[in-house]
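Peer 1: My questions will all concern the structure given below.
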Amino acid sequence: MKKIKVIGGGLAGPEAALQAASLGCEVTLYEMRPTRSTEAHQTSDFAELVCSNSLKSESENSAPWLLKQEMRRAHSFLLTAADASAVPAGHALAVDRIEFSRRVQELIDQHPRITVVREEVIRLDDDPDEITILATGPLTSPALTAELQRLTGSQHLAFYDSISPIVDASTIDMDKVYFAARWDKGTADYINCPFTKEEYDRFIDALSTAEAVPAKEWEQIPTALATAETVAPNTRHSDPTQHEENDRHSERSEESQYFSNKATISKRANIAIGDGEPHSSPQKCHPERSGEATQSKDLRLTAPSAEEKLKYFEGCLPIEEIARRGRDTLRFGPMKPAGLTNPRTGRWPYAAVQLRQENLRADSYNLVGFQNHLKYNEQARILRLIPGLENAKFLRYGQIHRNTYLNSPTVLTDTLQLRAHPRILIAGQLSGVEGYTESIAGGLLAGRFAATLAQGRTPTPPPRLTAHGSLVHYITHSEAKTFQPANITFDLLLPLEEELRKKIRDKKERHRIQCDRALEAWTAWLTQTS
């Protein structure tokens with residue numbers, strides 16, 4: 001049996017290593033930290049969660065729920081660790097990130113068929129006696145990035161991702177905030193900071209003049225990666241969404257007014273809005289580009305011009321970038337008040353910032369959706385304009401980091417193997433999936449595929465009906481010229497037959513049927529491939 005080399009100790013790598021080892025393979029897991037760190041990591045721990053601590057919705061029959069249910073049926077090691085590290089988060093699965101990493105580390109340390117090597121890998125050898133899984137994630141080192149480009153002959157793509165601030169819970173003014181879950185779904189685990197119109201206007205005015213951090217050398221997307229100039233629509237428009245307090249006669253009228261205006265703002269600002277699933281279509285999961293990416297093999301990696309604008313993942317935009325798209329855009333995005341009834345007033349606030357518990361001790365909270373790229377002193381000034389955070393102590397400020405990914409439709413098979421080098425597999429965000437759960441899912445598949453190859457057999461991709469199969473189909477069959485990373489959404493899954501769609505008008509019921517079909521197909525695939 002061939003040995004398996006896994007490169008990368010983030011989310012996909014440890015899951016892949018554990019899956020392959022559990023199937024009887026000898027695995028060597030490489031991680032370059034602490035020998036060489038990245039710009040965003042703070043520790044050398046396995047499975048460090050760099051951005052938020054949420055693995056998204058656990059609402060039954062939602063797309064993120066379906067993906068996690070498939071993973072649980074396949075005995076995902078990291079998802080089991082996440083379940084055991086869960087903190088209260090309403091209808092989402094959020095974890096104590098330190099406890100989560102500790103549990104993953106323990107799983108790896110205790111497995112007799114996994115050997116850990118702490119060193120940077122800078123060369124990918126297509127060894128006939130070895131199967132390699134590359135799961136180095138969005139912060140792949142420059143040397144390994146260049147090596148991957150050499151092997152694939154394909155340009156890489158990149159966008160910028162941001163990190164939300166974390167606040168000390170003891171410094172939150174609890175007399176000004178309240179606990180609630182949006183639409184009362186799940187338990188009331190989120191702290192909500194309510195804004196009046198005057199407070200919101202003051203916050204937006206301060207944010208619009210805030211000073212951003214100058215781009216550092218490591219943040220630059222090389223010219224080969226940045227083939228199109230960023231478009232940031234300046235949709236400065238009159239305020240069509242004013243809700244005067246005396247106009248709110250009932251929650252019904254308030255709700256209809258909100259959603260009417262939500263459609264207007266969303267259309268004008270071109271941002272993804274919604275709880276649980278940030279994208280209504282994979283086309284919205286993209287760094288903004290004004291043209292198509294050039295597919296030239298002769299492109300060289302050089303620094304971009306100073307005028308080139310940053311490209312952000314649409315599902316994780318910095319608050320200052322969202323604010324540039326319109327004065328009201330933030331309160332129809334991460335500051336939306338819909339469904340957050342203030343018990344003191346019986347009404348929704350004009351806008352709201354939600355705080356999500358960061359760890360099991362509940363001594364810190366992260367500001368949901370408040371990732372930014374502002375200077376630290378500017379963040380302190382502006383974030384303390386949030387009601388309840390006037391005297392807040394911030395344990396971590398927002399940051400930015402670059403996410404690199406492959407143009408997978410041109411280089412990957414539907415079993416995550418490089419077309420030109422089938423003994424090398426790509427897993428996690430490097431393959432073009434976006435999100436913690438999706439990355440773990442990619443590692444789960446890569447580990448199983450690699451074990452099959454190591455045993456001299458041919459791997460079988462998961463059925464298209466499933467969430468896993470739909471993710472793989474998206475990253476390997478999308479139009480190469482317009483390929484962008486994607487989270488799991490129902491738009492990626494196979495739709496119901498047209499006749500059935502016409503018969504069943506209720507969207508929730510259609511989603512239930514899709515989930516039932518997916519789980520049935522997934523279970524059959526697991527049985528067939530075990």
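By order in the structure tokens, chains are A, B, ...; within a chain, residues start at 1; ligands start at 1, following the order shown.
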At a cut-off of 10 Å, can you tabulate as CSV every residue of segment 95-170 of chain A near segment 18-25 of chain A together with its closest atom pair and the distance in Å to one decimal, using only C-alpha atoms and ordering rows by chain then number?

Peer 2:
residue,atom,partner,partner_atom,distance
A:Val104,CA,A:Leu18,CA,9.7
A:Leu107,CA,A:Leu18,CA,8.0
A:Ile108,CA,A:Leu18,CA,7.1
A:His111,CA,A:Ala21,CA,7.8
A:Pro112,CA,A:Ala21,CA,8.4
A:Arg113,CA,A:Ala21,CA,5.7
A:Ile114,CA,A:Ala21,CA,6.6

Peer 1: Would you save the residues of that selection, restricted to all heavy atoms, as a PDB file, in the first residue's frame?

Peer 2:
ATOM      1  N   VAL A 104      -8.757  18.549  18.126  1.00  0.00           N
ATOM      2  CA  VAL A 104      -8.198  18.070  16.858  1.00  0.00           C
ATOM      3  C   VAL A 104      -6.758  17.613  17.066  1.00  0.00           C
ATOM      4  O   VAL A 104      -6.335  16.560  16.559  1.00  0.00           O
ATOM      5  CB  VAL A 104      -8.289  19.162  15.778  1.00  0.00           C
ATOM      6  CG1 VAL A 104      -7.570  18.722  14.505  1.00  0.00           C
ATOM      7  CG2 VAL A 104      -9.743  19.496  15.468  1.00  0.00           C
ATOM      8  N   LEU A 107      -6.728  14.223  18.674  1.00  0.00           N
ATOM      9  CA  LEU A 107      -7.064  13.161  17.727  1.00  0.00           C
ATOM     10  C   LEU A 107      -5.847  12.764  16.892  1.00  0.00           C
ATOM     11  O   LEU A 107      -5.589  11.577  16.656  1.00  0.00           O
ATOM     12  CB  LEU A 107      -8.201  13.612  16.809  1.00  0.00           C
ATOM     13  CG  LEU A 107      -9.604  13.688  17.407  1.00  0.00           C
ATOM     14  CD1 LEU A 107     -10.550  14.400  16.448  1.00  0.00           C
ATOM     15  CD2 LEU A 107     -10.125  12.280  17.725  1.00  0.00           C
ATOM     16  N   ILE A 108      -5.098  13.761  16.440  1.00  0.00           N
ATOM     17  CA  ILE A 108      -3.928  13.493  15.606  1.00  0.00           C
ATOM     18  C   ILE A 108      -2.809  12.853  16.423  1.00  0.00           C
ATOM     19  O   ILE A 108      -2.189  11.869  16.001  1.00  0.00           O
ATOM     20  CB  ILE A 108      -3.446  14.803  14.943  1.00  0.00           C
ATOM     21  CG1 ILE A 108      -4.492  15.273  13.912  1.00  0.00           C
ATOM     22  CG2 ILE A 108      -2.085  14.617  14.283  1.00  0.00           C
ATOM     23  CD1 ILE A 108      -4.263  16.647  13.380  1.00  0.00           C
ATOM     24  N   HIS A 111      -3.416   9.128  17.164  1.00  0.00           N
ATOM     25  CA  HIS A 111      -3.614   8.147  16.085  1.00  0.00           C
ATOM     26  C   HIS A 111      -2.289   7.463  15.754  1.00  0.00           C
ATOM     27  O   HIS A 111      -1.307   8.128  15.399  1.00  0.00           O
ATOM     28  CB  HIS A 111      -4.184   8.798  14.835  1.00  0.00           C
ATOM     29  CG  HIS A 111      -4.948   7.823  13.992  1.00  0.00           C
ATOM     30  ND1 HIS A 111      -4.334   6.766  13.344  1.00  0.00           N
ATOM     31  CD2 HIS A 111      -6.276   7.715  13.713  1.00  0.00           C
ATOM     32  CE1 HIS A 111      -5.247   6.066  12.695  1.00  0.00           C
ATOM     33  NE2 HIS A 111      -6.426   6.612  12.902  1.00  0.00           N
ATOM     34  N   PRO A 112      -2.225   6.138  15.838  1.00  0.00           N
ATOM     35  CA  PRO A 112      -0.956   5.429  15.631  1.00  0.00           C
ATOM     36  C   PRO A 112      -0.433   5.459  14.203  1.00  0.00           C
ATOM     37  O   PRO A 112       0.756   5.182  13.972  1.00  0.00           O
ATOM     38  CB  PRO A 112      -1.303   3.992  16.053  1.00  0.00           C
ATOM     39  CG  PRO A 112      -2.785   3.866  15.841  1.00  0.00           C
ATOM     40  CD  PRO A 112      -3.333   5.225  16.175  1.00  0.00           C
ATOM     41  N   ARG A 113      -1.288   5.796  13.230  1.00  0.00           N
ATOM     42  CA  ARG A 113      -0.841   5.777  11.835  1.00  0.00           C
ATOM     43  C   ARG A 113      -0.574   7.171  11.272  1.00  0.00           C
ATOM     44  O   ARG A 113      -0.391   7.335  10.070  1.00  0.00           O
ATOM     45  CB  ARG A 113      -1.880   5.037  10.969  1.00  0.00           C
ATOM     46  CG  ARG A 113      -1.841   3.523  11.161  1.00  0.00           C
ATOM     47  CD  ARG A 113      -2.694   2.799  10.130  1.00  0.00           C
ATOM     48  NE  ARG A 113      -4.115   2.982  10.388  1.00  0.00           N
ATOM     49  CZ  ARG A 113      -4.841   2.215  11.191  1.00  0.00           C
ATOM     50  NH1 ARG A 113      -4.258   1.210  11.832  1.00  0.00           N
ATOM     51  NH2 ARG A 113      -6.124   2.429  11.376  1.00  0.00           N
ATOM     52  N   ILE A 114      -0.553   8.178  12.140  1.00  0.00           N
ATOM     53  CA  ILE A 114      -0.259   9.546  11.692  1.00  0.00           C
ATOM     54  C   ILE A 114       1.042  10.022  12.319  1.00  0.00           C
ATOM     55  O   ILE A 114       1.213   9.995  13.543  1.00  0.00           O
ATOM     56  CB  ILE A 114      -1.393  10.525  12.061  1.00  0.00           C
ATOM     57  CG1 ILE A 114      -2.692  10.125  11.361  1.00  0.00           C
ATOM     58  CG2 ILE A 114      -1.005  11.956  11.662  1.00  0.00           C
ATOM     59  CD1 ILE A 114      -3.871  11.033  11.687  1.00  0.00           C
TER      60      ILE A 114
END

Peer 1: For Leu430 of chain A, work out the shell of residues within 8 Å, counting only C-alpha atoms and skipping chain neighbours fewer than 2 positions away, then give it as a ChimeraX atom specification.

Peer 2: /A:135-138,404-406,426-428,432-433

Peer 1: Would you pick out the contacts of Phe394 of chain A at 7 Å or less, using only C-alpha atoms, so that residues sharing its chain but fewer than 5 positions from it are not included, and give the list as a list of chain:residue names?

Peer 2: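 Within the cut-off, the hits are A:Ile166, A:Val167, A:Asp168.
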
Peer 1: Generate a file of the selected residues that holds N, CA, C and O atoms, formatted as a tab-separated table (two decimals), in the first residue's frame.

Peer 2:
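Saved result, result-v6.tsv, follows:
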chain	number	residue	atom	x	y	z
A	166	ILE	N	-12.91	41.02	18.35
A	166	ILE	CA	-13.41	40.30	19.53
A	166	ILE	C	-13.37	41.25	20.72
A	166	ILE	O	-12.37	41.95	20.92
A	167	VAL	N	-14.46	41.28	21.51
A	167	VAL	CA	-14.57	42.20	22.63
A	167	VAL	C	-14.62	41.44	23.95
A	167	VAL	O	-15.17	40.33	24.03
A	168	ASP	N	-14.03	42.02	24.99
A	168	ASP	CA	-14.08	41.47	26.34
A	168	ASP	C	-15.51	41.60	26.86
A	168	ASP	O	-16.06	42.71	26.95

Peer 1: When you count only C-alpha atoms, which of these residues is closest to Ala16 of chain A: A:Glu119, A:Ala446, A:Glu70, A:Gly333?

Peer 2: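 Of all the options, A:Ala446 lies closest to Ala16 of chain A.
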
Peer 1: Looking at A:Glu58, A:Asp125, A:Asp109, A:Glu15, which one is nearest to Ile440 of chain A, with distances taken over only C-alpha atoms?

Peer 2: A:Glu15

Peer 1: Could you pull out the strand (DSSP E) residues of segment 64-165 of chain A, going by DSSP on the backbone, and write them as a ChimeraX atom specification?

Peer 2: /A:86-87,92-95,114-117,130-134,156-163

Peer 1: If you measure from atom CA of Arg123 of chain A to atom CA of Thr28 of chain A, what distance in Å do you get, rounded to one decimal?

Peer 2: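 Separation between atom CA of Arg123 of chain A and atom CA of Thr28 of chain A: 15.3 Å.
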
Peer 1: Using only C-alpha atoms, which residue out of A:Pro461, A:Pro194, A:Gly388, A:Gly186 lies closest to His91 of chain A?

Peer 2: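 The closest residue to His91 of chain A is A:Gly186.
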
Peer 1: With distances taken over only C-alpha atoms, which of A:Thr345, A:Gln455, A:Asn403, A:Thr523 is nearest to Asp129 of chain A?

Peer 2: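 Looking only at the distances to Asp129 of chain A, the closest residue turns out to be A:Gln455.
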
Peer 1: Would you compute the distance between atom CA of Leu79 of chain A and atom CA of His468 of chain A? Give it in Å to one decimal.

Peer 2: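 Atom CA of His468 of chain A lies at a distance of 14.6 Å from atom CA of Leu79 of chain A.
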
Peer 1: For His373 of chain A, list every protein, DNA or RNA residue within 7 Å, evaluated using only C-alpha atoms, and leave out those in the same chain fewer than 5 positions away; present the list as a list in words.

Peer 2: Ala212, Val213, Pro318, Gly398, Gln399 and Ile400 of chain A

Peer 1: Store the residues picked out above, limited to C-alpha atoms, as a PDB file, in the first residue's frame.

Peer 2:
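In the end it all went to out-v7.pdb:
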ATOM      1  CA  ALA A 212      -7.509  52.067   6.464  1.00  0.00           C
ATOM      2  CA  VAL A 213      -4.309  50.107   6.944  1.00  0.00           C
ATOM      3  CA  PRO A 318     -15.137  44.676   5.267  1.00  0.00           C
ATOM      4  CA  GLY A 398     -10.142  43.293  12.666  1.00  0.00           C
ATOM      5  CA  GLN A 399      -7.523  42.217  10.139  1.00  0.00           C
ATOM      6  CA  ILE A 400      -7.180  41.283   6.496  1.00  0.00           C
TER       7      ILE A 400
END

Peer 1: Provide the atom CA of Leu134 of chain A to atom CA of Asn407 of chain A distance in Å, to one decimal place.

Peer 2: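 Those two atoms sit 14.7 Å apart.
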
Peer 1: Could you pull the residues within 10 Å of segment 178-183 of chain A, counting only C-alpha atoms, minus those fewer than 6 positions along the same chain, as a ChimeraX atom specification?

Peer 2: /A:89-91,189-194,275,337-344,354-355,388

Peer 1: Name the residues in contact with Arg381 of chain A at a cut-off of 10 Å, using only C-alpha atoms, excluding same-chain residues fewer than 6 positions from it; report them as a list in words.

Peer 2: Ala206, Leu207, Ala210 and Glu390 of chain A

Peer 1: Could you turn the residues from that selection into a file that holds all heavy atoms, as a JSON list (two decimals), in the first residue's frame?

Peer 2:
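Dumped everything to part_1.json:
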[["chain", "number", "residue", "atom", "x", "y", "z"],
["A", 206, "ALA", "N", -18.59, 58.49, 10.91],
["A", 206, "ALA", "CA", -17.25, 58.20, 11.41],
["A", 206, "ALA", "C", -16.56, 57.14, 10.55],
["A", 206, "ALA", "O", -15.37, 57.24, 10.23],
["A", 206, "ALA", "CB", -17.32, 57.73, 12.86],
["A", 207, "LEU", "N", -17.31, 56.13, 10.14],
["A", 207, "LEU", "CA", -16.74, 55.06, 9.34],
["A", 207, "LEU", "C", -16.30, 55.56, 7.97],
["A", 207, "LEU", "O", -15.27, 55.14, 7.44],
["A", 207, "LEU", "CB", -17.78, 53.94, 9.18],
["A", 207, "LEU", "CG", -17.34, 52.69, 8.42],
["A", 207, "LEU", "CD1", -16.17, 52.01, 9.11],
["A", 207, "LEU", "CD2", -18.51, 51.71, 8.29],
["A", 210, "ALA", "N", -12.82, 57.01, 8.20],
["A", 210, "ALA", "CA", -11.81, 56.21, 8.91],
["A", 210, "ALA", "C", -10.63, 55.89, 8.00],
["A", 210, "ALA", "O", -10.76, 55.74, 6.79],
["A", 210, "ALA", "CB", -12.44, 54.92, 9.42],
["A", 390, "GLU", "N", -19.31, 51.49, 24.42],
["A", 390, "GLU", "CA", -18.64, 52.79, 24.61],
["A", 390, "GLU", "C", -17.34, 52.66, 25.39],
["A", 390, "GLU", "O", -16.39, 53.42, 25.16],
["A", 390, "GLU", "CB", -19.57, 53.76, 25.33],
["A", 390, "GLU", "CG", -20.80, 54.19, 24.52],
["A", 390, "GLU", "CD", -21.97, 53.23, 24.67],
["A", 390, "GLU", "OE1", -21.78, 52.13, 25.25],
["A", 390, "GLU", "OE2", -23.08, 53.57, 24.20]]
